[in-house]
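Colleague: Quick one: this structure, given as structure tokens, is what I'll be asking you about.
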Amino acid sequence: MKKIKLVVCDDELVQRKFLGVLLERFFKERKIPVEISYYGSGEEFLENKEQDLNLTDLFLLDIFMPNLNGIELAREIKERNAPGKIIFITGGNDYVTEAFELKAFSYIQKPVEYEKFSKVLSHALETVEKVKYMEVMVDREPERIYLEDVEYVETMGRRLLIHLHEDDMETYMSMKAFMDQHGKDDFLQISRYIAVSKDCIQRITGRSLILQDGTDLSISEKYLATARKEHTEYLHTKKMASV
């Protein structure tokens, strides 16, 4: 899966290192790849030409910083239309109203406790497109499967066969349950038994759906018109997003 991009901005080196330890533990426990950038001031962050605001998923900002404080930095980030979630880290309650007005995702009090910190991060990541996942039981063991790793799924009786890029997994789930819980935005159902990741489709020709790896799947007559329509809409949306 793709890395989560995260920015930490705090003027105190000790705090940056402490947050780094918490973040390393959090992402390691969940086996989520992450790229973390650390900044000692709002000015340093904004002046960094390598920092792409639009690709950053989470911003952890200290509020009490000299010159450009965390609230002012958050305003700059919002004004530049960055889509990432903002989490304020602070030692006081002085700017709660401003944080609310900026629609910050959360507000964590110092000293930061790992349990509270991990809950806030977990909720934030649920809103990040890159880390959509499903929790399933595989061989009686809980397994986390990231949706971007799934090429297509198919039902075989009461079982759901999950075809990943490099492996297959099997669990018990109906196609309706899969589509209701995980598939509506990212998957295209092409029969009663098969749903395909929209991002893995190479083309649709007649009633054949060809995946990026060359796999040829058959679209049932009942789903053909809807499949073509949704695939065309997805390609259009993807093209507009890249402009």
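Residues in the structure tokens are named by chain (A, B, ... in the order shown) and by number from 1 within that chain; ligands are numbered from 1 in the order shown.
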Neighbours of A:Glu72 within 12 Å (only C-alpha atoms; same-chain residues fewer than 2 positions away dropped), as a list in words?
Modeller: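 Surrounding residues, per the criterion: Ser41, Gly42, Glu43, Leu46, Leu61, Asp62, Ile63, Phe64, Met65, Pro66, Asn67, Leu68, Asn69, Gly70, Ala74, Arg75, Glu76, Ile77, Lys78, Glu79, Phe88, Tyr95, Glu98, Ala99 and Leu102 of chain A.
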Colleague: Compile the contact shell of A:Ile32 as a short mmCIF file (atom, residue, chain, number, x, y, z; two decimals) with N, CA and C atoms, in the first residue's frame: residues with an atom at most 8 Å away, counting only C-alpha atoms, same-chain residues fewer than 4 positions apart removed.
Modeller:
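Just written: around_36.cif:
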data_model
loop_
_atom_site.label_atom_id
_atom_site.label_comp_id
_atom_site.auth_asym_id
_atom_site.auth_seq_id
_atom_site.Cartn_x
_atom_site.Cartn_y
_atom_site.Cartn_z
N LYS A 3 2.38 4.91 1.09
CA LYS A 3 2.71 5.47 2.40
C LYS A 3 1.76 6.59 2.80
N ILE A 4 1.49 6.65 4.11
CA ILE A 4 0.80 7.80 4.67
C ILE A 4 1.84 8.90 4.83
N PHE A 27 2.32 3.30 13.99
CA PHE A 27 2.32 2.78 12.63
C PHE A 27 2.95 1.39 12.54
N LYS A 28 3.91 1.11 13.40
CA LYS A 28 4.53 -0.21 13.42
C LYS A 28 3.53 -1.25 13.88
#
Colleague: Do a neighbour search on A:Glu151 at 8 Å with only C-alpha atoms, toss out local chain neighbours closer than 6 positions, and write the hits as a PyMOL selection string.
Modeller: chain A and resi 162-165+196-197+200
Colleague: I'd like to know which of A:Tyr223, A:Tyr114, A:Tyr146, A:Tyr193 is closest to A:Val21, using only C-alpha atoms.
Modeller: A:Tyr114
Colleague: Could you work out how far atom CA of A:Lys198 lies from atom CA of A:Asp186, giving the answer in Å with one decimal?
Modeller: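 Distance reported for this atom pair: 5.8 Å.
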Colleague: Given the choices A:Glu221, A:Glu115, A:Glu170, A:Glu126, which gets closest to A:Leu22 if the distance is worked out from only C-alpha atoms?
Modeller: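 Distance minimum relative to A:Leu22 lands on A:Glu115.
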Colleague: In stretch 7-230 of chain A, what's alpha helix (DSSP H) per DSSP? Answer as a ChimeraX atom specification?
Modeller: /A:13-30,42-47,70-79,96-101,114-126,175-178,221-230
Colleague: Write out as a list in words which residues come within 10 Å of A:Ala82 when counting only C-alpha atoms, dropping same-chain ones fewer than 6 positions away.
Modeller: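 Using only C-alpha atoms, the neighbours found are Asp52, Leu53, Asn54, Leu55, Thr56, Asp57, Ala74 and Glu76 of chain A.
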Colleague: Now that the selection is made, can you save its residues with N, CA, C and O atoms as a compact mmCIF listing (two decimals), in the first residue's frame?
Modeller:
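Saved as part-v7.txt:
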# COMPACT_ATOMS: atom_id res chain seq x y z
N ASP A 52 4.93 18.90 -0.42
CA ASP A 52 3.73 19.03 -1.24
C ASP A 52 2.51 18.95 -0.34
O ASP A 52 2.13 17.90 0.16
N LEU A 53 1.87 20.08 -0.11
CA LEU A 53 0.72 20.13 0.79
C LEU A 53 -0.39 19.19 0.36
O LEU A 53 -1.06 18.57 1.19
N ASN A 54 -0.60 19.09 -0.93
CA ASN A 54 -1.72 18.29 -1.43
C ASN A 54 -1.53 16.79 -1.23
O ASN A 54 -2.49 16.02 -1.35
N LEU A 55 -0.29 16.36 -0.96
CA LEU A 55 -0.03 14.93 -0.77
C LEU A 55 0.09 14.56 0.70
O LEU A 55 0.30 13.40 1.03
N THR A 56 -0.02 15.54 1.59
CA THR A 56 0.09 15.28 3.03
C THR A 56 -1.27 14.86 3.57
O THR A 56 -2.28 15.53 3.34
N ASP A 57 -1.29 13.74 4.30
CA ASP A 57 -2.55 13.20 4.81
C ASP A 57 -2.91 13.75 6.19
O ASP A 57 -4.08 14.01 6.47
N ALA A 74 -2.25 26.63 10.50
CA ALA A 74 -3.40 25.88 10.01
C ALA A 74 -4.22 26.70 9.02
O ALA A 74 -4.72 26.17 8.01
N GLU A 76 -3.04 29.00 7.03
CA GLU A 76 -2.27 28.99 5.78
C GLU A 76 -2.51 27.69 5.01
O GLU A 76 -2.68 27.68 3.80
Colleague: Pick out the closest residue to A:Lys229 from this set: A:Ser174, A:Asn48, A:Gln212, A:Gln189. Count only C-alpha atoms.
Modeller: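 So, comparing all the options, the nearest one is A:Gln189.
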Colleague: Taking into account only C-alpha atoms, which residue in the set A:Leu188, A:Ile89, A:Ala104, A:Leu147 is nearest to A:Tyr234?
Modeller: A:Leu188
Colleague: Atom CA of A:Phe187 and atom CA of A:Tyr152, how far apart in Å?
Modeller: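 For atom CA of A:Tyr152 relative to atom CA of A:Phe187, the distance reads 8.0 Å.
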Colleague: Mind listing the strand (DSSP E or B) residues of stretch 115-211 of chain A, per DSSP on the backbone, as a VMD selection string?
Modeller: chain A and resid 133 to 138 141 to 146 150 to 156 159 to 164 168 to 172 187 to 189 194 to 197 201 to 205 208 to 211
Colleague: Within 8 Å of A:Arg159, counting only C-alpha atoms, which residues show up once you throw out same-chain ones fewer than 2 positions away? Write them as a PyMOL selection string, please.
Modeller: chain A and resi 155-157+161+170-174
Colleague: With N, CA, C and O atoms retained, could you export that selection as a short mmCIF file (atom, residue, chain, number, x, y, z; two decimals), in the first residue's frame?
Modeller:
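What landed in part24.cif:
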data_model
loop_
_atom_site.label_atom_id
_atom_site.label_comp_id
_atom_site.auth_asym_id
_atom_site.auth_seq_id
_atom_site.Cartn_x
_atom_site.Cartn_y
_atom_site.Cartn_z
N THR A 155 -17.68 -14.59 -4.89
CA THR A 155 -18.29 -15.47 -3.90
C THR A 155 -18.35 -16.89 -4.44
O THR A 155 -18.57 -17.12 -5.62
N MET A 156 -18.13 -17.82 -3.52
CA MET A 156 -18.24 -19.25 -3.83
C MET A 156 -19.04 -19.86 -2.68
O MET A 156 -18.49 -20.16 -1.62
N GLY A 157 -20.35 -19.96 -2.89
CA GLY A 157 -21.22 -20.37 -1.80
C GLY A 157 -21.27 -19.27 -0.74
O GLY A 157 -21.53 -18.11 -1.05
N LEU A 161 -13.88 -15.12 -1.88
CA LEU A 161 -12.48 -15.26 -2.29
C LEU A 161 -11.96 -13.89 -2.68
O LEU A 161 -12.51 -13.23 -3.57
N GLU A 170 -9.31 -16.06 1.73
CA GLU A 170 -10.68 -16.55 1.75
C GLU A 170 -11.31 -16.30 3.11
O GLU A 170 -10.68 -16.52 4.15
N THR A 171 -12.54 -15.80 3.10
CA THR A 171 -13.26 -15.56 4.35
C THR A 171 -14.73 -15.86 4.11
O THR A 171 -15.14 -16.23 3.00
N TYR A 172 -15.55 -15.70 5.15
CA TYR A 172 -16.99 -15.90 5.00
C TYR A 172 -17.68 -14.54 4.97
O TYR A 172 -17.67 -13.80 5.94
N MET A 173 -18.26 -14.21 3.82
CA MET A 173 -18.96 -12.95 3.65
C MET A 173 -19.75 -13.01 2.35
O MET A 173 -19.28 -13.58 1.35
N SER A 174 -20.94 -12.44 2.35
CA SER A 174 -21.73 -12.40 1.12
C SER A 174 -21.28 -11.23 0.24
O SER A 174 -20.66 -10.28 0.74
#
Colleague: For A:Glu101, which of A:Ile71, A:Gly20, A:Asp11, A:Asp168 is the closest residue, counting only C-alpha atoms?
Modeller: A:Ile71
